[in-house]
Every structure is written in structure tokens, then in C-alpha cells.
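K.L.:
Input coords36.json, format and content: JSON, C-alpha atoms.
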```json
[["chain", "number", "residue", "atom", "x", "y", "z"],
["A", 1, "MET", "CA", 62.88, -43.91, -2.36],
["A", 2, "THR", "CA", 62.52, -40.75, -0.24],
["A", 3, "LEU", "CA", 59.22, -39.43, 1.04],
["A", 4, "ARG", "CA", 58.93, -35.65, 0.84],
["A", 5, "LEU", "CA", 56.14, -33.83, 2.63],
["A", 6, "SER", "CA", 54.74, -30.42, 1.82],
["A", 7, "THR", "CA", 52.36, -28.10, 3.61],
["A", 8, "VAL", "CA", 49.99, -25.26, 2.79],
["A", 9, "ILE", "CA", 50.24, -21.97, 4.69],
["A", 10, "LEU", "CA", 47.37, -19.59, 4.16],
["A", 11, "PRO", "CA", 48.46, -15.92, 3.89],
["A", 12, "VAL", "CA", 46.18, -14.69, 6.67],
["A", 13, "ARG", "CA", 48.64, -13.67, 9.39],
["A", 14, "ARG", "CA", 50.62, -10.46, 9.46],
["A", 15, "TRP", "CA", 54.34, -11.13, 9.12],
["A", 16, "HIS", "CA", 55.21, -9.54, 12.47],
["A", 17, "ASP", "CA", 52.25, -11.24, 14.19],
["A", 18, "GLY", "CA", 53.07, -14.91, 13.60],
["A", 19, "GLY", "CA", 53.20, -15.08, 9.81],
["A", 20, "ARG", "CA", 56.98, -15.39, 9.71],
["A", 21, "ASP", "CA", 56.88, -18.04, 12.43],
["A", 22, "GLU", "CA", 54.59, -20.27, 10.36],
["A", 23, "TRP", "CA", 57.07, -20.41, 7.48],
["A", 24, "THR", "CA", 60.16, -20.91, 9.65],
["A", 25, "ARG", "CA", 58.34, -23.57, 11.67],
["A", 26, "ALA", "CA", 57.50, -25.48, 8.49],
["A", 27, "GLU", "CA", 61.22, -25.56, 7.69],
["A", 28, "GLU", "CA", 62.13, -26.58, 11.24],
["A", 29, "LEU", "CA", 59.63, -29.45, 11.07],
["A", 30, "GLY", "CA", 61.43, -30.77, 7.98],
["A", 31, "PHE", "CA", 58.86, -30.07, 5.29],
["A", 32, "HIS", "CA", 60.31, -30.21, 1.79],
["A", 33, "ALA", "CA", 58.06, -27.45, 0.42],
["A", 34, "ALA", "CA", 55.42, -24.97, 1.54],
["A", 35, "TYR", "CA", 52.75, -23.49, -0.67],
["A", 36, "THR", "CA", 50.21, -20.70, -0.45],
["A", 37, "TYR", "CA", 47.20, -19.70, -2.51],
["A", 38, "ASP", "CA", 46.92, -16.75, -4.87],
["A", 39, "HIS", "CA", 43.24, -16.09, -4.24],
["A", 40, "LEU", "CA", 41.52, -12.86, -3.27],
["A", 41, "SER", "CA", 40.02, -14.53, -0.20],
["A", 42, "TRP", "CA", 39.30, -17.99, 1.17],
["A", 43, "ARG", "CA", 36.14, -19.38, 2.76],
["A", 44, "SER", "CA", 35.89, -18.32, 6.40],
["A", 45, "PHE", "CA", 38.79, -15.87, 6.02],
["A", 46, "ARG", "CA", 36.92, -13.64, 3.58],
["A", 47, "ASP", "CA", 36.26, -10.93, 6.20],
["A", 48, "GLY", "CA", 39.81, -10.85, 7.57],
["A", 49, "PRO", "CA", 43.22, -10.05, 6.13],
["A", 50, "TRP", "CA", 44.41, -12.00, 3.10],
["A", 51, "PHE", "CA", 47.88, -11.11, 1.84],
["A", 52, "GLY", "CA", 49.22, -11.42, -1.68],
["A", 53, "ALA", "CA", 50.99, -14.65, -2.62],
["A", 54, "ILE", "CA", 54.04, -13.11, -4.29],
["A", 55, "PRO", "CA", 54.96, -10.74, -1.43],
["A", 56, "THR", "CA", 54.28, -13.55, 1.06],
["A", 57, "LEU", "CA", 56.57, -15.95, -0.79],
["A", 58, "THR", "CA", 59.23, -13.26, -1.12],
["A", 59, "ALA", "CA", 59.21, -12.73, 2.64],
["A", 60, "ALA", "CA", 59.22, -16.51, 3.23],
["A", 61, "ALA", "CA", 62.26, -16.87, 0.96],
["A", 62, "ALA", "CA", 64.11, -14.29, 3.04],
["A", 63, "ALA", "CA", 63.19, -16.07, 6.29],
["A", 64, "THR", "CA", 64.00, -19.67, 5.26],
["A", 65, "ARG", "CA", 67.00, -21.43, 3.73],
["A", 66, "ARG", "CA", 66.00, -24.88, 2.44],
["A", 67, "LEU", "CA", 62.24, -24.77, 2.13],
["A", 68, "ARG", "CA", 60.95, -24.86, -1.45],
["A", 69, "LEU", "CA", 58.19, -22.33, -2.02],
["A", 70, "GLY", "CA", 55.33, -22.00, -4.45],
["A", 71, "THR", "CA", 51.68, -21.30, -5.10],
["A", 72, "LEU", "CA", 49.06, -23.99, -5.43],
["A", 73, "VAL", "CA", 46.95, -21.66, -7.55],
["A", 74, "THR", "CA", 47.81, -18.53, -9.51],
["A", 75, "SER", "CA", 44.69, -17.36, -11.29],
["A", 76, "PRO", "CA", 44.93, -15.79, -14.75],
["A", 77, "ASN", "CA", 41.45, -14.39, -14.06],
["A", 78, "PHE", "CA", 42.87, -12.09, -11.38],
["A", 79, "ARG", "CA", 46.45, -11.55, -12.61],
["A", 80, "HIS", "CA", 47.40, -10.21, -16.01],
["A", 81, "PRO", "CA", 50.31, -12.33, -17.31],
["A", 82, "VAL", "CA", 52.60, -9.32, -17.87],
["A", 83, "THR", "CA", 51.93, -7.88, -14.41],
["A", 84, "LEU", "CA", 52.44, -11.29, -12.82],
["A", 85, "ALA", "CA", 55.73, -11.77, -14.69],
["A", 86, "LYS", "CA", 56.95, -8.39, -13.44],
["A", 87, "GLU", "CA", 56.02, -9.31, -9.84],
["A", 88, "LEU", "CA", 57.86, -12.60, -10.11]]
```
Please lay out the structure from this file as C-alpha cells.

P.N.:
Amino acid sequence: MTLRLSTVILPVRRWHDGGRDEWTRAEELGFHAAYTYDHLSWRSFRDGPWFGAIPTLTAAAAATRRLRLGTLVTSPNFRHPVTLAKEL
């Protein structure tokens, strides 16, 4: 049996200001997967930047090679299914 660890990376850092480094570091540390949230904001981060999950995951896919990527939550209350399908 193999143990696979995952992590959550909140989309609060600009890509050029450490955001990219978080995703590449997760891969370097050997995480199997990394996830982010598709919320409009999150607790104490509500007054700061919060970037979209799909663009964040797209950038993470370009910056990593083996890391599996996904969202922990994608809310149908905020995303119309057709628009979400087009983004994906």
C-alpha cells in the first residue's frame, strides 16, 4: 500500500509574488496532489486578493509536471454550468 499526501493552496498570492513558488514547492516536497478552493473569498482573506480557481489551476499546470490538480469546492451557486464547462 502507498500513502499519498495532498495539500491545499489558497489562491491568495499573485503568481509573480510567490504564488507560482507555492505550487512548485508542493511538487518538490513530493505531494501527490494540490487543491484550491473555488470560493469568492475565504475567512480572514476576504479583504485581500482572491484569485479564480480555474486560472490558478491552469497556471499551476504550466508550472508543474507531476502534481495532480483540482478544486475542493466548485460552487454551482456562483458558476453557471455552461460557463464553467467553457472555462474548463

K.L.:
Would you please work out which residue, of A:Arg13, A:Trp42, A:Ala34, A:Val73, is nearest to A:Leu57 when using all atoms listed in the file?

P.N.:
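Looking at the shortest contact to A:Leu57, the residue is A:Ala34.
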
K.L.:
Go through A:Thr58, A:Thr64, A:Pro49, A:Arg43 one by one, measure the shortest atom-to-atom distance of each to A:Gly30 using only C-alpha atoms, and give the residue with the smallest value.

P.N.:
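Checking each candidate against A:Gly30, we get A:Thr64 as the closest.
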
K.L.:
Would you mind listing what lies within 12 Å of A:Arg66 as a PyMOL selection string, with all atoms listed in the file counted and same-chain residues fewer than 6 positions away left out?

P.N.:
chain A and resi 23-24+26-34+60

K.L.:
For A:Tyr35, list every protein, DNA or RNA residue within 12 Å, evaluated using only C-alpha atoms, and leave out those in the same chain fewer than 3 positions away; present the list as a count of residues only.

P.N.:
27

K.L.:
For a test of reading the model, state the distance in Å between atom CA of A:Leu84 and atom CA of A:His39, rounded to one decimal.

P.N.:
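Separation of atom CA of A:Leu84 and atom CA of A:His39: 13.5 Å.
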